[in-house]
Every structure is written in structure tokens, then in C-alpha cells.
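The file my_file-v7.pdb comes next; it holds PDB, C-alpha atoms and all ligand atoms.
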```
ATOM      1  CA  MET C 950     122.442  67.768  63.819
ATOM      2  CA  ILE C 951     124.564  66.033  61.168
ATOM      3  CA  THR C 952     126.604  67.660  58.394
ATOM      4  CA  GLY C 953     127.571  65.699  55.307
ATOM      5  CA  ALA C 954     124.241  63.895  55.705
ATOM      6  CA  SER C 955     123.427  63.616  52.004
ATOM      7  CA  ASP C 956     125.726  60.654  51.385
ATOM      8  CA  GLY C 957     128.024  58.022  52.880
ATOM      9  CA  ILE C 958     128.627  57.902  56.617
ATOM     10  CA  GLY C 959     126.444  60.927  57.444
ATOM     11  CA  ALA C 960     123.428  59.564  55.543
ATOM     12  CA  ALA C 961     123.838  56.151  57.202
ATOM     13  CA  ALA C 962     124.085  57.808  60.636
ATOM     14  CA  ALA C 963     120.947  59.865  59.909
ATOM     15  CA  ARG C 964     118.946  56.763  58.936
ATOM     16  CA  GLU C 965     120.108  54.939  62.064
ATOM     17  CA  LEU C 966     119.447  57.821  64.467
ATOM     18  CA  ALA C 967     116.070  58.908  63.063
ATOM     19  CA  GLY C 968     113.073  58.158  65.250
ATOM     20  CA  PRO C 969     109.925  59.682  66.710
ATOM     21  CA  ASP C 970     111.755  61.104  69.751
ATOM     22  CA  VAL C 971     114.618  62.658  67.806
ATOM     23  CA  ASP C 972     114.588  66.106  66.185
ATOM     24  CA  LEU C 973     117.144  65.752  63.427
ATOM     25  CA  ILE C 974     118.622  68.539  61.338
ATOM     26  CA  LEU C 975     120.530  67.267  58.319
ATOM     27  CA  VAL C 976     122.950  69.378  56.325
ATOM     28  CA  GLY C 977     124.148  68.602  52.811
ATOM     29  CA  ARG C 978     125.666  70.390  49.875
ATOM     30  CA  SER C 979     123.403  68.973  47.165
ATOM     31  CA  ALA C 980     119.687  69.606  47.801
ATOM     32  CA  ASP C 981     118.688  66.730  45.488
ATOM     33  CA  LYS C 982     120.842  64.181  47.277
ATOM     34  CA  LEU C 983     119.787  65.439  50.698
ATOM     35  CA  ALA C 984     116.070  65.228  49.772
ATOM     36  CA  LYS C 985     116.311  61.423  49.568
ATOM     37  CA  VAL C 986     117.662  61.217  53.126
ATOM     38  CA  THR C 987     115.162  63.682  54.580
ATOM     39  CA  ALA C 988     112.348  61.724  52.896
ATOM     40  CA  ASP C 989     113.570  58.512  54.590
ATOM     41  CA  THR C 990     114.087  60.112  58.004
ATOM     42  CA  GLY C 991     111.484  62.882  58.271
ATOM     43  CA  ALA C 992     114.321  65.224  59.250
ATOM     44  CA  VAL C 993     114.710  68.918  58.465
ATOM     45  CA  GLY C 994     117.157  69.349  55.572
ATOM     46  CA  LEU C 995     119.333  72.420  55.043
ATOM     47  CA  THR C 996     121.965  73.029  52.393
ATOM     48  CA  ALA C 997     125.281  74.843  52.456
ATOM     49  CA  ASP C 998     128.476  74.612  50.448
ATOM     50  CA  PHE C 999     131.359  74.674  52.914
ATOM     51  CA  ALA C1000     133.578  76.028  50.149
ATOM     52  CA  ARG C1001     131.662  79.310  50.747
ATOM     53  CA  LEU C1002     131.930  80.710  54.248
ATOM     54  CA  ASP C1003     128.903  82.953  53.666
ATOM     55  CA  ASP C1004     126.865  79.770  53.134
ATOM     56  CA  VAL C1005     128.081  78.556  56.541
ATOM     57  CA  ARG C1006     127.097  81.854  58.184
ATOM     58  CA  ALA C1007     123.615  81.709  56.610
ATOM     59  CA  LEU C1008     123.284  78.054  57.680
ATOM     60  CA  ALA C1009     124.199  78.867  61.288
ATOM     61  CA  LYS C1010     121.645  81.685  61.340
ATOM     62  CA  GLU C1011     118.915  79.438  59.977
ATOM     63  CA  ILE C1012     119.684  76.743  62.563
ATOM     64  CA  ALA C1013     119.823  79.279  65.389
ATOM     65  CA  ASP C1014     116.419  80.627  64.263
ATOM     66  CA  ARG C1015     114.911  77.126  64.264
ATOM     67  CA  THR C1016     116.325  75.788  67.547
ATOM     68  CA  THR C1017     116.788  76.793  71.157
ATOM     69  CA  SER C1018     119.397  74.127  71.914
ATOM     70  CA  ILE C1019     121.462  71.428  70.215
ATOM     71  CA  ASP C1020     122.322  68.189  72.046
ATOM     72  CA  VAL C1021     124.605  66.610  69.455
ATOM     73  CA  LEU C1022     126.483  68.089  66.509
ATOM     74  CA  LEU C1023     128.193  65.666  64.135
ATOM     75  CA  ASN C1024     130.692  67.664  62.080
ATOM     76  CA  ASN C1025     131.034  65.031  59.399
ATOM     77  CA  ALA C1026     130.982  66.824  56.017
ATOM     78  CA  GLY C1027     134.240  66.617  54.149
ATOM     79  CA  GLY C1028     136.434  64.797  51.720
ATOM     80  CA  THR C1029     139.637  64.996  49.715
ATOM     81  CA  PHE C1030     139.941  67.927  47.366
ATOM     82  CA  GLU C1031     142.503  69.204  44.865
ATOM     83  CA  PRO C1032     144.540  71.882  46.709
ATOM     84  CA  THR C1033     144.097  74.312  43.804
ATOM     85  CA  PRO C1034     142.334  76.481  42.841
ATOM     86  CA  PRO C1035     141.561  78.167  46.173
ATOM     87  CA  THR C1036     137.963  78.638  47.345
ATOM     88  CA  VAL C1037     136.027  81.895  46.800
ATOM     89  CA  ASP C1038     137.225  82.822  50.313
ATOM     90  CA  ASP C1039     140.804  82.334  49.079
ATOM     91  CA  HIS C1040     141.599  79.275  51.190
ATOM     92  CA  GLU C1041     143.104  75.904  50.326
ATOM     93  CA  PRO C1042     139.959  73.715  49.835
ATOM     94  CA  ASN C1043     140.836  70.862  52.232
ATOM     95  CA  PHE C1044     141.641  73.405  54.948
ATOM     96  CA  GLN C1045     138.407  75.342  54.404
ATOM     97  CA  ILE C1046     135.884  72.542  53.791
ATOM     98  CA  ASN C1047     137.234  70.079  56.353
ATOM     99  CA  HIS C1048     138.387  72.457  59.104
ATOM    100  CA  LEU C1049     137.593  76.162  58.764
ATOM    101  CA  ALA C1050     133.909  75.801  57.793
ATOM    102  CA  PRO C1051     133.038  73.410  60.660
ATOM    103  CA  PHE C1052     135.134  75.564  63.007
ATOM    104  CA  LEU C1053     133.025  78.599  62.036
ATOM    105  CA  LEU C1054     129.720  76.691  62.164
ATOM    106  CA  THR C1055     130.442  75.213  65.592
ATOM    107  CA  ASN C1056     131.495  78.576  67.003
ATOM    108  CA  LEU C1057     128.376  80.265  65.617
ATOM    109  CA  LEU C1058     126.270  77.534  67.286
ATOM    110  CA  HIS C1059     128.126  77.728  70.616
ATOM    111  CA  ASP C1060     125.186  79.295  72.449
ATOM    112  CA  ARG C1061     122.753  76.658  71.180
ATOM    113  CA  LEU C1062     125.148  73.891  72.279
ATOM    114  CA  ALA C1063     125.669  75.525  75.676
ATOM    115  CA  ALA C1064     121.877  75.661  76.100
ATOM    116  CA  ALA C1065     121.467  71.855  75.923
ATOM    117  CA  GLU C1066     119.957  70.724  79.232
ATOM    118  CA  SER C1067     122.137  67.637  79.745
ATOM    119  CA  GLY C1068     125.233  69.031  78.090
ATOM    120  CA  ALA C1069     126.140  68.853  74.401
ATOM    121  CA  LEU C1070     128.426  66.648  72.336
ATOM    122  CA  VAL C1071     130.393  67.736  69.259
ATOM    123  CA  VAL C1072     131.853  64.858  67.238
ATOM    124  CA  ASN C1073     134.386  65.684  64.538
ATOM    125  CA  THR C1074     134.870  63.029  61.850
ATOM    126  CA  SER C1075     138.650  62.880  61.506
ATOM    127  CA  SER C1076     140.773  60.188  59.850
ATOM    128  CA  ILE C1077     143.791  57.978  60.252
ATOM    129  CA  GLY C1078     145.066  60.275  57.483
ATOM    130  CA  ASN C1079     145.939  62.690  60.319
ATOM    131  CA  LEU C1080     149.204  60.758  60.536
ATOM    132  CA  ILE C1081     150.433  62.249  57.256
ATOM    133  CA  GLY C1082     149.279  65.752  58.219
ATOM    134  CA  ARG C1083     151.559  68.585  59.241
ATOM    135  CA  VAL C1084     150.017  71.764  60.652
ATOM    136  CA  ASP C1085     151.973  74.982  60.272
ATOM    137  CA  PRO C1086     149.911  77.722  61.957
ATOM    138  CA  THR C1087     151.788  80.322  59.908
ATOM    139  CA  ASP C1088     150.883  78.573  56.639
ATOM    140  CA  LEU C1089     147.466  76.938  57.063
ATOM    141  CA  ASP C1090     146.629  77.557  53.404
ATOM    142  CA  PHE C1091     149.805  75.929  52.039
ATOM    143  CA  ARG C1092     151.057  79.123  50.439
ATOM    144  CA  ARG C1093     154.708  78.495  51.272
ATOM    145  CA  ARG C1094     154.599  74.683  51.405
ATOM    146  CA  ARG C1095     153.824  72.374  48.507
ATOM    147  CA  ALA C1096     150.418  70.772  48.958
ATOM    148  CA  THR C1097     149.541  67.371  47.551
ATOM    149  CA  GLN C1098     145.904  66.301  47.861
ATOM    150  CA  PHE C1099     146.769  63.644  50.472
ATOM    151  CA  ARG C1100     149.032  65.932  52.483
ATOM    152  CA  ALA C1101     146.426  68.698  52.551
ATOM    153  CA  TYR C1102     143.663  66.214  53.417
ATOM    154  CA  GLY C1103     145.721  64.617  56.210
ATOM    155  CA  THR C1104     146.549  68.048  57.589
ATOM    156  CA  SER C1105     142.865  69.017  57.706
ATOM    157  CA  LYS C1106     142.039  65.766  59.513
ATOM    158  CA  LEU C1107     144.799  66.499  62.046
ATOM    159  CA  GLU C1108     143.183  69.928  62.465
ATOM    160  CA  ASN C1109     139.909  68.133  63.296
ATOM    161  CA  ILE C1110     141.657  66.523  66.294
ATOM    162  CA  LEU C1111     143.291  69.801  67.348
ATOM    163  CA  PHE C1112     139.910  71.556  67.107
ATOM    164  CA  THR C1113     138.316  68.779  69.199
ATOM    165  CA  ARG C1114     140.915  69.433  71.912
ATOM    166  CA  GLY C1115     140.389  73.187  71.609
ATOM    167  CA  ILE C1116     136.679  72.701  72.330
ATOM    168  CA  ALA C1117     137.472  70.292  75.181
ATOM    169  CA  LYS C1118     139.673  72.886  76.786
ATOM    170  CA  ARG C1119     137.717  76.075  76.135
ATOM    171  CA  TRP C1120     134.089  74.955  76.451
ATOM    172  CA  ARG C1121     134.274  72.443  79.308
ATOM    173  CA  ASP C1122     132.593  74.850  81.729
ATOM    174  CA  ASP C1123     129.759  75.378  79.228
ATOM    175  CA  GLY C1124     128.866  71.675  79.418
ATOM    176  CA  ILE C1125     130.138  71.019  75.886
ATOM    177  CA  VAL C1126     132.141  67.838  75.284
ATOM    178  CA  SER C1127     133.961  66.990  72.062
ATOM    179  CA  ALA C1128     135.449  63.823  70.577
ATOM    180  CA  ALA C1129     137.063  63.010  67.231
ATOM    181  CA  VAL C1130     136.721  59.741  65.366
ATOM    182  CA  HIS C1131     138.258  57.833  62.462
ATOM    183  CA  PRO C1132     135.273  55.923  61.033
ATOM    184  CA  GLY C1133     137.382  53.283  59.253
ATOM    185  CA  ALA C1134     138.077  52.937  55.522
ATOM    186  CA  VAL C1135     134.503  53.271  54.280
ATOM    187  CA  ALA C1136     133.284  52.487  50.756
ATOM    188  CA  SER C1137     131.240  55.691  50.417
ATOM    189  CA  SER C1138     131.535  58.402  47.771
ATOM    190  CA  PHE C1139     134.703  59.480  49.620
ATOM    191  CA  GLY C1140     137.647  60.308  47.355
ATOM    192  CA  ARG C1141     135.313  60.482  44.367
ATOM    193  CA  ASP C1142     137.874  62.575  42.491
ATOM    194  CA  SER C1143     140.857  60.444  43.434
ATOM    195  CA  PHE C1144     141.990  57.692  41.065
ATOM    196  CA  VAL C1145     143.814  55.798  43.830
ATOM    197  CA  ILE C1146     140.914  55.868  46.318
ATOM    198  CA  GLY C1147     138.448  55.062  43.517
ATOM    199  CA  LEU C1148     140.521  51.993  42.619
ATOM    200  CA  LEU C1149     140.619  50.740  46.200
ATOM    201  CA  TYR C1150     137.057  51.665  47.178
ATOM    202  CA  ARG C1151     134.902  51.232  44.097
ATOM    203  CA  THR C1152     136.321  48.331  42.059
ATOM    204  CA  PRO C1153     136.336  44.631  42.992
ATOM    205  CA  LEU C1154     139.463  45.486  45.035
ATOM    206  CA  LYS C1155     137.074  46.889  47.648
ATOM    207  CA  ARG C1156     136.521  43.335  48.905
ATOM    208  CA  LEU C1157     140.045  43.590  50.361
ATOM    209  CA  GLY C1158     139.282  46.328  52.790
ATOM    210  CA  PRO C1159     136.678  49.034  53.032
ATOM    211  CA  ILE C1160     133.662  48.656  55.293
ATOM    212  CA  THR C1161     130.104  49.813  54.558
ATOM    213  CA  PRO C1162     128.817  53.331  55.367
ATOM    214  CA  GLU C1163     126.590  51.727  58.041
ATOM    215  CA  GLN C1164     129.635  50.128  59.689
ATOM    216  CA  GLY C1165     131.480  53.458  59.480
ATOM    217  CA  ALA C1166     128.519  55.323  60.979
ATOM    218  CA  ALA C1167     128.405  52.865  63.900
ATOM    219  CA  ALA C1168     131.552  54.468  65.357
ATOM    220  CA  LEU C1169     129.856  57.892  65.372
ATOM    221  CA  ILE C1170     126.640  56.463  66.785
ATOM    222  CA  ASP C1171     128.504  54.837  69.685
ATOM    223  CA  LEU C1172     129.665  58.319  70.645
ATOM    224  CA  VAL C1173     126.193  59.828  70.220
ATOM    225  CA  HIS C1174     124.914  57.281  72.742
ATOM    226  CA  ARG C1175     127.615  58.333  75.217
ATOM    227  CA  GLY C1176     126.382  61.934  74.965
ATOM    228  CA  ALA C1177     128.220  64.675  76.869
ATOM    229  CA  ASP C1178     130.344  62.157  78.767
ATOM    230  CA  PRO C1179     133.402  63.926  80.287
ATOM    231  CA  ASP C1180     135.421  60.725  79.837
ATOM    232  CA  ILE C1181     135.448  61.195  76.069
ATOM    233  CA  ASN C1182     136.245  64.915  76.130
ATOM    234  CA  GLY C1183     139.166  65.570  73.793
ATOM    235  CA  VAL C1184     139.584  61.881  72.942
ATOM    236  CA  TYR C1185     140.351  60.647  69.408
ATOM    237  CA  PHE C1186     138.745  57.301  68.595
ATOM    238  CA  SER C1187     139.826  54.861  65.914
ATOM    239  CA  ARG C1188     136.408  53.417  65.133
ATOM    240  CA  HIS C1189     135.225  52.084  68.534
ATOM    241  CA  ARG C1190     138.603  52.243  70.262
ATOM    242  CA  ALA C1191     139.690  55.266  72.300
ATOM    243  CA  ARG C1192     143.137  56.764  71.664
ATOM    244  CA  GLY C1193     143.698  55.872  68.025
ATOM    245  CA  PRO C1194     147.016  56.480  66.265
ATOM    246  CA  GLU C1195     147.711  60.198  66.100
ATOM    247  CA  SER C1196     150.319  62.582  64.826
ATOM    248  CA  ARG C1197     152.536  63.846  67.621
ATOM    249  CA  GLN C1198     151.310  67.336  66.788
ATOM    250  CA  ALA C1199     147.800  66.353  67.926
ATOM    251  CA  HIS C1200     148.895  66.645  71.571
ATOM    252  CA  ASP C1201     150.701  69.978  71.318
ATOM    253  CA  PRO C1202     148.819  72.414  73.608
ATOM    254  CA  GLU C1203     150.443  75.456  71.999
ATOM    255  CA  LEU C1204     149.408  74.305  68.524
ATOM    256  CA  ILE C1205     145.845  73.632  69.725
ATOM    257  CA  ASP C1206     145.645  77.272  70.859
ATOM    258  CA  GLN C1207     147.403  78.670  67.790
ATOM    259  CA  LEU C1208     145.090  76.847  65.392
ATOM    260  CA  TRP C1209     142.053  78.167  67.263
ATOM    261  CA  THR C1210     143.327  81.742  67.363
ATOM    262  CA  VAL C1211     144.370  81.893  63.709
ATOM    263  CA  SER C1212     141.174  80.164  62.522
ATOM    264  CA  ALA C1213     139.069  82.631  64.521
ATOM    265  CA  GLU C1214     140.944  85.550  62.958
ATOM    266  CA  LEU C1215     140.490  84.128  59.458
ATOM    267  CA  VAL C1216     136.709  83.864  59.818
ATOM    268  CA  GLY C1217     136.309  87.133  61.724
ATOM    269  CA  LEU C1218     135.325  85.740  65.134
ATOM    270  CA  ASP C1219     136.267  87.704  68.273
TER
HETATM  271  N1  LIG L   1     135.237  57.045  53.602
HETATM  272  C1  LIG L   1     136.366  56.894  54.262
HETATM  273  O1  LIG L   1     137.138  55.942  54.060
HETATM  274  C2  LIG L   1     136.757  57.893  55.323
HETATM  275  C3  LIG L   1     137.868  57.609  56.151
HETATM  276  C4  LIG L   1     138.225  58.515  57.140
HETATM  277  C5  LIG L   1     137.480  59.671  57.312
HETATM  278  N2  LIG L   1     136.411  59.926  56.496
HETATM  279  C6  LIG L   1     135.666  61.172  56.716
HETATM  280  O2  LIG L   1     134.286  60.872  56.843
HETATM  281  C7  LIG L   1     133.521  62.017  56.508
HETATM  282  C8  LIG L   1     132.354  61.595  55.627
HETATM  283  O3  LIG L   1     132.867  61.075  54.417
HETATM  284  P1  LIG L   1     132.152  59.909  53.603
HETATM  285  O4  LIG L   1     133.087  58.770  53.561
HETATM  286  O5  LIG L   1     130.767  59.694  54.075
HETATM  287  O6  LIG L   1     132.165  60.584  52.139
HETATM  288  P2  LIG L   1     130.993  60.943  51.118
HETATM  289  O7  LIG L   1     130.132  59.752  50.858
HETATM  290  O8  LIG L   1     131.695  61.587  49.966
HETATM  291  O9  LIG L   1     130.114  62.022  51.902
HETATM  292  C9  LIG L   1     130.649  63.289  52.177
HETATM  293  C10 LIG L   1     129.566  64.224  52.660
HETATM  294  O10 LIG L   1     130.152  65.524  52.849
HETATM  295  C11 LIG L   1     129.478  66.474  52.030
HETATM  296  N3  LIG L   1     130.370  67.486  51.482
HETATM  297  C12 LIG L   1     131.455  67.311  50.695
HETATM  298  N4  LIG L   1     131.948  68.500  50.310
HETATM  299  C13 LIG L   1     131.134  69.445  50.864
HETATM  300  C14 LIG L   1     131.102  70.853  50.805
HETATM  301  N5  LIG L   1     131.960  71.568  50.056
HETATM  302  N6  LIG L   1     130.139  71.503  51.495
HETATM  303  C15 LIG L   1     129.216  70.821  52.221
HETATM  304  N7  LIG L   1     129.185  69.487  52.294
HETATM  305  C16 LIG L   1     130.138  68.805  51.610
HETATM  306  C17 LIG L   1     128.893  65.651  50.889
HETATM  307  O11 LIG L   1     127.843  66.373  50.248
HETATM  308  P3  LIG L   1     127.464  66.037  48.710
HETATM  309  O12 LIG L   1     126.766  64.719  48.774
HETATM  310  O13 LIG L   1     126.571  67.135  48.266
HETATM  311  O14 LIG L   1     128.744  65.986  47.961
HETATM  312  C18 LIG L   1     128.437  64.409  51.632
HETATM  313  O15 LIG L   1     127.235  64.628  52.302
HETATM  314  C19 LIG L   1     134.489  63.004  55.848
HETATM  315  O16 LIG L   1     134.810  64.024  56.796
HETATM  316  C20 LIG L   1     135.723  62.157  55.565
HETATM  317  O17 LIG L   1     136.919  62.922  55.604
HETATM  318  C21 LIG L   1     136.035  59.060  55.520
END
```
What is this structure when it is put down as C-alpha cells?
Amino acid sequence: MITGASDGIGAAAARELAGPDVDLILVGRSADKLAKVTADTGAVGLTADFARLDDVRALAKEIADRTTSIDVLLNNAGGTFEPTPPTVDDHEPNFQINHLAPFLLTNLLHDRLAAAESGALVVNTSSIGNLIGRVDPTDLDFRRRRATQFRAYGTSKLENILFTRGIAKRWRDDGIVSAAVHPGAVASSFGRDSFVIGLLYRTPLKRLGPITPEQGAAALIDLVHRGADPDINGVYFSRHRARGPESRQAHDPELIDQLWTVSAELVGLD
């Protein structure tokens, strides 16, 4: 199962992974965009807007109704968003779309992941941007702190690593393994609303740096091929290399637990 599969890295991963022996579920926000990828892959396509937590709950129910187990979940949907206005659920958008929604979805699919015969793998698409993140578990929605788009984005990508380590710690005995990955600077639709990223990624300047969505997806696909390998549990990859550059907060066991507990409270999980 791949989220953010209607475009960029997720769509490239879907096209690469599709095959007669693979049951793929693709999730996108825009039904029109997703339809092109499902047509190319023969996959099931489902839509949800992660800026609405009720959409995520309905999505999880639909997936649970359609499946008995999930081998691989790629939590890949996301992007950079203006920190205001808040979502309909009253959260800072980078926090909700990039962290809280996949946190809720993954928790609601826990039983399907735990039912995978050879263990399950959850891959969270993080970013080198985690280095500029700063998680304050008492202010996850940036109510007291000033949020710039990059700061809020980086913080959500740091939360992806903390969540990965929360899964690694809590769900090990259920046969569920989790890894996080920075896919590289990828010339996708990423940062579509950002002038700076647009300049670097979608003008002739892009020759200086960004890689293709297929090259970005290759880092995720490497992990898919490893499957529920205990050696990658809780590991953050920078493209194909284990132990990429991380914020010091990414290793804080207390913060890993606090983020999990507060996130669970915010979405009404036990
Ligand atoms: N590109 C980079 O340089 C880069 C670097 C580091 C990390 N990443 C991470 O890689 C992941 C994929 O990004 P990308 O580069 O492939 O960008 P992209 O081309 O913009 O694709 C983003 C995907 O996420 C979906 N999405 C965005 N907002 C959503 C929402 N509110 N609800 C549900 N789905 C939503 C998009 O759906 P729609 O098509 O409907 O908008 C699309 O399928 C993101 O998590 C991003 O943070 C990217």
C-alpha cells in the first residue's frame, strides 16, 4: 500500500512495484490524478485528504474491509504547506498532513499489518529537512512558537523519524518493522507552492541538483525488497545509505514516547 501515489515519488514507486503477483492499494488526494496511475498499474485506487482526519478514518475502514493483511505500507504522502490557516481539525497543516494523518492511518491498520504472514514493513518518507526541525511535544501545532513553512515542514519530517522509532519499539513483537528514508532532492511536484523550491526544482536550475522521481523512488523500493528485516528496524536512511544525518532529537527515547502519546490523544486513540 502506497500513500501519495498520485504523483512524484509515490507514483514512480507504484509503477515500479506493480506486477501480476502484487496486490497494490494506491492512495491519493486527487481522484483524477490517481486514476492515471491506477490505469497504468492495475492497482486499487482510494482517495483521502489528509487535511481531514475523518477522511483518514474512512480510508482505514475501507482498506480494512478490503484486506486481511498488509505486507508493506509506504507512508509517503506529504509536502510543504503554509502553516496557516489550520486544518478543519484545527491542526497546523504540516503537522497534520505529514505526521498526524499517517500516524492515525498506521495505527488504524495495525491489526492488518500484524496479520502479515512474513512480518510487515512500514516505511515513512522523511527528509533531510528533519535537521531544521524542532519538536516540542507541548506545542506540536506551533501555537506558542512562530512557524515558518520550512521550520514546520522540517519538524514534521523529524516527527516521521520519531514515529518510525516508536513503531520499532512498540510493535516489534507483532512482527512489524519500520524504517524512515530521505529520498533525495527530487524534481517532483514537491514544494509546488514554494517560490524557492519551484526555482530550484522546476526551472533550468534543476540541472544543478534534483534527481528524477524514479531515482527518488529507488530508495523506497530498496527497503521494500528488504521487507520486515529486523536490521532496518528504526533506521533512518539517506537514500540508499543507512544512518543519514539526523537531528539530535531523533534519538531521544523520551521524545519518541511523548510524541506517540500526545499524537494518540489528539486523534482519540486509546
Ligand atoms: N521531492 C523532494 O525533494 C523530497 C525530499 C525529501 C522528502 N520528500 C518527501 O517525499 C514525499 C513525496 O513527495 P513528492 O516529492 O513525491 O511530492 P509530490 O510530487 O508533490 O507528491 C506528493 C503526494 O502526496 C499527496 N498529498 C499531498 N497533500 C496531501 C493531502 N493533504 N492528503 C493526501 N495526500 C496528499 C499528493 O497528492 P495530490 O497529487 O493529490 O496532491 C501526491 O500524491 C513527501 O512526504 C515529501 O515530504 C520529498
>> Which residues are near ligand LIG 1 (chain L) in this structure, taking near to mean any atom at most 8 Å from a ligand atom and counting all atoms listed in the file? Format them as a PyMOL selection string.
In response: chain C and resi 952-960+976-980+982-983+996-1001+1024-1029+1046-1047+1073-1078+1102+1106+1131-1141+1159+1162+1165
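Put simply, CA of Asn1079 (chain C) is 22.1 Å away from CA of Leu1215 (chain C).
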> What would the list of residues within 12 Å of (147.3, 77.3, 60.7) (file frame) look like as number ranges by chain, if all atoms listed in the file are what count?
Replying inline: C: 1040-1041, 1044-1045, 1048-1049, 1082-1092, 1101, 1104-1105, 1107-1108, 1111-1112, 1203-1215
>> Which residues, named as in the file, does the PyMOL selection byres (((chain C and resi 1053) around 8) and not hetatm) pick out? Answer as an NGL selection string.
In response: :C and (1005-1006 or 1049-1052 or 1054-1057 or 1213 or 1216)
> For Asn1182 (chain C), which of C:Thr1033, C:Thr1113, C:Thr1097, C:Ser1127 is the closest residue, counting only C-alpha atoms?
Replying inline: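 Using only C-alpha atoms, the shortest distance to Asn1182 (chain C) belongs to C:Ser1127.
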> Which is closer to Gln1098 (chain C) than all the others in C:Pro1032, C:Gly1115, C:Gly1124, C:Gly991, using only C-alpha atoms?
Replying inline: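 Looking only at the distances to Gln1098 (chain C), the closest residue turns out to be C:Pro1032.
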> Where does the PyMOL selection byres (((chain C and resi 1168) around 6) and not hetatm) land in this file, that is, which residues does it pick, as number ranges by chain?
Replying inline: C: 1132, 1165-1167, 1169-1171, 1188-1189
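Computed from the coordinates, the CA of Ile1019 (chain C) to CA of Asp1003 (chain C) distance equals 21.5 Å.
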>> If I take CA of Ala1064 (chain C) and CA of Gly1217 (chain C), how far is one from the other in Å, to one decimal?
In response: 23.4 Å
Produce the centre coordinates and the three edge lengths, each in Å to one decimal, of the box along x, y and z that contains all listed atoms of region 954-966 of chain C with 3 Å added on each side, as JSON.
```
{"center_x": 123.8, "center_y": 59.4, "center_z": 57.9, "size_x": 15.7, "size_y": 15.0, "size_z": 19.1}
```
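Distance annotation: of C:Ala963, C:Ile951, C:Ala992, C:Ala1009, the residue with the minimal separation from Val1071 (chain C) is C:Ile951; atom set is all atoms listed in the file.
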> Contacts of Leu1070 (chain C) at 9 Å or less, counting all atoms listed in the file, minus same-chain residues fewer than 2 places along, as an NGL selection string?
Replying inline: :C and (1019-1023 or 1062 or 1068 or 1072 or 1124-1128 or 1172-1173 or 1175-1178 or 1182)
> Closest to Phe1186 (chain C) among C:Leu1002, C:Ile1110, C:Lys1010, C:Ala1063, using all atoms listed in the file?
Replying inline: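 Closest to Phe1186 (chain C) of all the choices is C:Ile1110.
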>> I need the residue nearest Arg1197 (chain C) from this list: C:Asp1180, C:Glu1011, C:Ile1081, C:Thr1161. Use only C-alpha atoms for the distance.
In response: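 Ranking C:Asp1180, C:Glu1011, C:Ile1081, C:Thr1161 by distance to Arg1197 (chain C), first place goes to C:Ile1081.
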Would you mind completing region 1203-1215 of chain C to N, CA and C atoms and writing the output as a compact mmCIF listing (two decimals), in the coordinates of the input?
```txt
# COMPACT_ATOMS: atom_id res chain seq x y z
N GLU C 1203 150.22 74.15 72.62
CA GLU C 1203 150.44 75.46 72.00
C GLU C 1203 149.81 75.49 70.60
N LEU C 1204 149.97 74.38 69.88
CA LEU C 1204 149.41 74.31 68.52
C LEU C 1204 147.87 74.31 68.56
N ILE C 1205 147.31 73.64 69.57
CA ILE C 1205 145.84 73.63 69.72
C ILE C 1205 145.35 75.08 69.85
N ASP C 1206 146.04 75.87 70.66
CA ASP C 1206 145.65 77.27 70.86
C ASP C 1206 145.90 78.12 69.62
N GLN C 1207 147.06 77.87 68.98
CA GLN C 1207 147.40 78.67 67.79
C GLN C 1207 146.39 78.43 66.68
N LEU C 1208 146.04 77.15 66.46
CA LEU C 1208 145.09 76.85 65.39
C LEU C 1208 143.76 77.54 65.66
N TRP C 1209 143.34 77.53 66.91
CA TRP C 1209 142.05 78.17 67.26
C TRP C 1209 142.12 79.67 66.99
N THR C 1210 143.20 80.28 67.48
CA THR C 1210 143.33 81.74 67.36
C THR C 1210 143.40 82.18 65.90
N VAL C 1211 144.23 81.49 65.11
CA VAL C 1211 144.37 81.89 63.71
C VAL C 1211 143.07 81.62 62.95
N SER C 1212 142.44 80.48 63.21
CA SER C 1212 141.17 80.16 62.52
C SER C 1212 140.13 81.23 62.84
N ALA C 1213 140.05 81.62 64.11
CA ALA C 1213 139.07 82.63 64.52
C ALA C 1213 139.34 83.95 63.79
N GLU C 1214 140.61 84.31 63.68
CA GLU C 1214 140.94 85.55 62.96
C GLU C 1214 140.52 85.45 61.50
N LEU C 1215 140.78 84.29 60.88
CA LEU C 1215 140.49 84.13 59.46
C LEU C 1215 139.00 84.23 59.15
```
